[in-house]
>>> print(open('query13.cif').read())   # mmCIF, C-alpha atoms
data_model
#
loop_
_atom_site.label_atom_id
_atom_site.label_comp_id
_atom_site.auth_asym_id
_atom_site.auth_seq_id
_atom_site.Cartn_x
_atom_site.Cartn_y
_atom_site.Cartn_z
CA MET S 13 -98.46 -38.64 -67.99
CA PRO S 14 -98.88 -38.66 -64.20
CA LYS S 15 -99.13 -35.38 -62.33
CA LEU S 16 -95.95 -34.39 -60.48
CA ALA S 17 -96.22 -34.32 -56.71
CA ASP S 18 -96.43 -30.86 -55.17
CA TYR S 19 -94.33 -31.97 -52.18
CA LEU S 20 -91.25 -34.16 -51.97
CA THR S 21 -89.72 -36.21 -49.18
CA ILE S 22 -86.19 -35.49 -48.03
CA GLY S 23 -85.03 -38.65 -49.84
CA GLN S 24 -86.62 -37.50 -53.09
CA VAL S 25 -85.05 -34.04 -52.77
CA ALA S 26 -81.65 -35.58 -52.01
CA GLN S 27 -81.91 -37.87 -55.02
CA ARG S 28 -83.14 -35.17 -57.42
CA SER S 29 -80.70 -32.47 -56.25
CA GLY S 30 -77.64 -34.62 -55.60
CA VAL S 31 -77.35 -32.98 -52.16
CA PRO S 32 -77.02 -35.32 -49.14
CA HIS S 33 -79.74 -35.47 -46.49
CA THR S 34 -77.35 -33.93 -43.97
CA ALA S 35 -76.77 -30.88 -46.16
CA LEU S 36 -80.51 -30.46 -46.71
CA ARG S 37 -81.10 -30.45 -42.96
CA PHE S 38 -78.20 -28.01 -42.56
CA TYR S 39 -79.68 -25.68 -45.22
CA GLU S 40 -83.03 -25.90 -43.48
CA ASP S 41 -81.47 -25.09 -40.09
CA ARG S 42 -79.86 -22.02 -41.69
CA GLY S 43 -83.18 -20.88 -43.20
CA LEU S 44 -82.02 -21.36 -46.80
CA ILE S 45 -84.76 -23.88 -47.58
CA PHE S 46 -88.03 -24.69 -45.86
CA ALA S 47 -90.06 -27.80 -45.28
CA GLU S 48 -93.49 -28.44 -43.91
CA ARG S 49 -94.04 -31.23 -41.43
CA THR S 50 -96.55 -34.03 -41.67
CA SER S 51 -98.58 -35.18 -38.68
CA GLY S 52 -95.81 -37.78 -38.21
CA ASN S 53 -93.19 -34.95 -38.14
CA GLN S 54 -91.71 -35.95 -41.51
CA ARG S 55 -90.32 -33.22 -43.76
CA ARG S 56 -92.15 -32.40 -46.97
CA TYR S 57 -90.49 -29.93 -49.30
CA PRO S 58 -92.35 -27.96 -51.95
CA ARG S 59 -91.13 -28.81 -55.44
CA SER S 60 -89.71 -25.26 -55.73
CA VAL S 61 -87.00 -26.25 -53.22
CA LEU S 62 -85.11 -27.95 -56.06
CA ARG S 63 -84.56 -24.61 -57.78
CA ARG S 64 -83.53 -22.98 -54.47
CA ILE S 65 -80.98 -25.74 -53.92
CA ALA S 66 -79.63 -25.26 -57.45
CA PHE S 67 -79.33 -21.54 -56.66
CA ILE S 68 -77.46 -22.29 -53.41
CA ARG S 69 -75.06 -24.71 -55.08
CA SER S 70 -74.35 -22.30 -57.95
CA ALA S 71 -73.67 -19.46 -55.52
CA GLN S 72 -71.34 -21.70 -53.50
CA ARG S 73 -69.45 -22.67 -56.65
CA VAL S 74 -68.62 -19.02 -57.33
CA GLY S 75 -67.29 -18.69 -53.78
CA LEU S 76 -70.14 -17.06 -51.90
CA THR S 77 -70.61 -17.77 -48.24
CA LEU S 78 -73.81 -19.25 -46.87
CA GLU S 79 -74.38 -15.92 -45.11
CA GLN S 80 -74.30 -14.08 -48.44
CA ILE S 81 -76.56 -16.68 -50.01
CA SER S 82 -78.98 -16.48 -47.10
CA GLU S 83 -79.10 -12.70 -47.41
CA ALA S 84 -79.90 -12.98 -51.12
CA LEU S 85 -82.57 -15.63 -50.63
CA SER S 86 -84.17 -13.62 -47.83
CA ALA S 87 -85.26 -11.15 -50.50
CA LEU S 88 -87.44 -13.90 -52.03
CA PRO S 89 -90.53 -15.56 -50.55
CA HIS S 90 -89.49 -18.93 -49.06
CA ASP S 91 -91.85 -20.82 -51.36
CA HIS S 92 -90.54 -19.01 -54.44
CA ALA S 93 -88.33 -20.84 -56.90
CA PRO S 94 -85.61 -18.37 -57.96
CA THR S 95 -85.89 -17.47 -61.61
CA LYS S 96 -83.24 -16.47 -64.13
CA ALA S 97 -84.22 -12.84 -63.51
CA ASP S 98 -83.78 -13.34 -59.74
CA TRP S 99 -80.31 -14.79 -60.29
CA ALA S 100 -79.33 -11.91 -62.59
CA ARG S 101 -80.56 -9.30 -60.11
CA LEU S 102 -78.96 -10.92 -57.08
CA SER S 103 -75.68 -11.78 -58.80
CA ARG S 104 -75.13 -8.13 -59.79
CA ARG S 105 -74.59 -7.43 -56.08
CA TRP S 106 -71.72 -9.90 -55.97
CA ARG S 107 -69.92 -8.84 -59.13
CA ASP S 108 -67.53 -6.29 -57.55
CA GLU S 109 -66.60 -8.69 -54.76
CA LEU S 110 -65.98 -11.52 -57.20
CA ASP S 111 -63.87 -9.24 -59.42
CA ALA S 112 -61.78 -8.26 -56.37
CA ARG S 113 -61.29 -11.95 -55.47
CA ILE S 114 -60.26 -12.78 -59.02
CA ASP S 115 -57.77 -9.91 -59.01
CA ALA S 116 -56.31 -11.01 -55.65
CA LEU S 117 -56.00 -14.61 -56.82
CA GLN S 118 -54.30 -13.54 -60.06
CA ARG S 119 -51.79 -11.42 -58.11
CA LEU S 120 -51.17 -14.34 -55.73
CA ARG S 121 -50.65 -16.69 -58.67
CA ASP S 122 -48.20 -14.28 -60.31
CA GLN S 123 -46.23 -13.76 -57.09
CA LEU S 124 -46.16 -17.48 -56.44
CA THR S 125 -44.88 -18.16 -59.93
CA ASP S 126 -42.18 -15.50 -59.54
CA CYS S 127 -41.16 -16.84 -56.14
CA VAL S 128 -40.86 -20.45 -57.23
CA GLY S 129 -39.34 -19.40 -60.55
CA CYS S 130 -36.48 -17.40 -59.01
CA GLY S 131 -35.45 -20.27 -56.76
CA CYS S 132 -34.15 -18.03 -53.95
CA LEU S 133 -36.89 -18.78 -51.43
CA SER S 134 -35.41 -15.93 -49.39
CA LEU S 135 -37.52 -14.81 -46.48
CA ARG S 136 -35.73 -11.43 -46.65
CA THR S 137 -36.76 -10.60 -50.22
CA CYS S 138 -39.67 -12.95 -50.94
CA ALA S 139 -42.52 -10.91 -52.44
CA LEU S 140 -44.97 -13.59 -51.38
CA ASN S 141 -44.03 -14.27 -47.75
CA ASN S 142 -42.22 -11.06 -46.75
CA PRO S 143 -42.77 -8.16 -49.17
CA ASP S 144 -40.39 -5.24 -48.53
CA ASP S 145 -38.81 -7.21 -45.64
CA ARG S 146 -41.65 -6.21 -43.27
CA ILE S 147 -40.85 -9.11 -40.95
CA GLY S 148 -37.22 -7.94 -40.58
CA ALA S 149 -38.43 -5.00 -38.50
CA LEU S 150 -39.72 -7.46 -35.87
CA GLY S 151 -36.18 -8.57 -35.01
CA PRO S 152 -34.29 -11.85 -35.17
CA GLY S 153 -35.79 -15.29 -34.83
CA ALA S 154 -39.11 -16.54 -36.10
CA PRO S 155 -41.57 -13.73 -35.31
CA GLY S 156 -44.43 -15.74 -36.79
CA LEU S 157 -44.01 -18.31 -34.05
CA LYS S 158 -43.70 -15.87 -31.14
CA PRO S 159 -46.80 -14.79 -29.19
CA LYS S 160 -47.97 -11.26 -30.06
CA SER S 161 -47.08 -10.13 -26.54
CA GLU S 162 -43.42 -10.93 -27.38
CA GLY S 163 -43.44 -9.10 -30.73
CA GLY S 164 -44.76 -11.94 -32.88
CA LEU S 165 -47.22 -11.71 -35.75
#
>>> encode(input="query13.cif", output="structure tokens")
Amino acid sequence: MPKLADYLTIGQVAQRSGVPHTALRFYEDRGLIFAERTSGNQRRYPRSVLRRIAFIRSAQRVGLTLEQISEALSALPHDHAPTKADWARLSRRWRDELDARIDALQRLRDQLTDCVGCGCLSLRTCALNNPDDRIGALGPGAPGLKPKSEGGL
């Protein structure tokens, strides 16, 4: 069995990870992944970059921003492939935020279902668009379309 290469070209990384070249360059510009340069200025990525990319994509799937992902990865050496233990440790930080997002989405879903289910679509009583008629205090018309200087939202 042939020995695996220690370094991969951008094309090889794109093919193996399923991430387009443009995204790889974007991740590199943001400091999420790192490449060395050959004498011809071509990128060469250490094999461990594949695990870092998998980490990035998994974190994105659960709704984390690239800033949050960058912060987490900054705790690891750039040539370090995140391990299961790294993921467990880093993901504990995000648990409360993800729980809050889930709660907010569930409340939104429930309000949306109630709104559509009642059929009124009243802007005066709609729990989704105007809870407790907050917009009514801004006066007549469409306050959402008025500039703030004129009493709009």
>>> atom_distance(input="query13.cif", atom1="CA of Asp91 in chain S", atom2="CA of Val74 in chain S")
24.1 Å
>>> closest_residue(input="query13.cif", among="S:Ser29, S:Thr34, S:Thr21, S:Ser70", to="Arg55 in chain S", atoms="all atoms listed in the file")
S:Thr21
>>> resolve_selection(input="query13.cif", expression="the PyMOL selection byres ((chain S and resi 103) around 12)", output="short mmCIF file (atom, residue, chain, number, x, y, z; two decimals) with C-alpha atoms, in the coordinates of the input")
data_model
loop_
_atom_site.label_atom_id
_atom_site.label_comp_id
_atom_site.auth_asym_id
_atom_site.auth_seq_id
_atom_site.Cartn_x
_atom_site.Cartn_y
_atom_site.Cartn_z
CA PHE S 67 -79.33 -21.54 -56.66
CA ILE S 68 -77.46 -22.29 -53.41
CA SER S 70 -74.35 -22.30 -57.95
CA ALA S 71 -73.67 -19.46 -55.52
CA VAL S 74 -68.62 -19.02 -57.33
CA GLY S 75 -67.29 -18.69 -53.78
CA LEU S 76 -70.14 -17.06 -51.90
CA GLN S 80 -74.30 -14.08 -48.44
CA ILE S 81 -76.56 -16.68 -50.01
CA GLU S 83 -79.10 -12.70 -47.41
CA ALA S 84 -79.90 -12.98 -51.12
CA LEU S 85 -82.57 -15.63 -50.63
CA PRO S 94 -85.61 -18.37 -57.96
CA LYS S 96 -83.24 -16.47 -64.13
CA ALA S 97 -84.22 -12.84 -63.51
CA ASP S 98 -83.78 -13.34 -59.74
CA TRP S 99 -80.31 -14.79 -60.29
CA ALA S 100 -79.33 -11.91 -62.59
CA ARG S 101 -80.56 -9.30 -60.11
CA LEU S 102 -78.96 -10.92 -57.08
CA ARG S 104 -75.13 -8.13 -59.79
CA ARG S 105 -74.59 -7.43 -56.08
CA TRP S 106 -71.72 -9.90 -55.97
CA ARG S 107 -69.92 -8.84 -59.13
CA ASP S 108 -67.53 -6.29 -57.55
CA GLU S 109 -66.60 -8.69 -54.76
CA LEU S 110 -65.98 -11.52 -57.20
#
>>> resolve_selection(input="query13.cif", expression="the PyMOL selection byres ((chain S and resi 18) around 8)", output="list in words")
Leu16, Ala17, Tyr19, Leu20, Pro58 and Arg59 of chain S
>>> atom_distance(input="query13.cif", atom1="CA of Glu79 in chain S", atom2="CA of Glu48 in chain S")
22.9 Å
>>> residues_around(input="query13.cif", residues="Arg56 in chain S", least_positions_apart="3", cutoff="12 Å", atoms="all atoms listed in the file", output="list in words")
Ala17, Asp18, Tyr19, Leu20, Thr21, Ile22, Gly23, Gln24, Val25, Leu36, Arg37, Glu40, Ile45, Phe46, Ala47, Glu48, Arg49, Thr50, Ser51, Gly52, Asn53, Arg59, Ser60 and Val61 of chain S
>>> atom_distance(input="query13.cif", atom1="CA of Arg42 in chain S", atom2="CA of Ser86 in chain S")
11.3 Å
>>> closest_residue(input="query13.cif", among="S:Asp122, S:Gln72, S:Leu44, S:Asp111", to="Pro89 in chain S", atoms="all atoms listed in the file")
S:Leu44
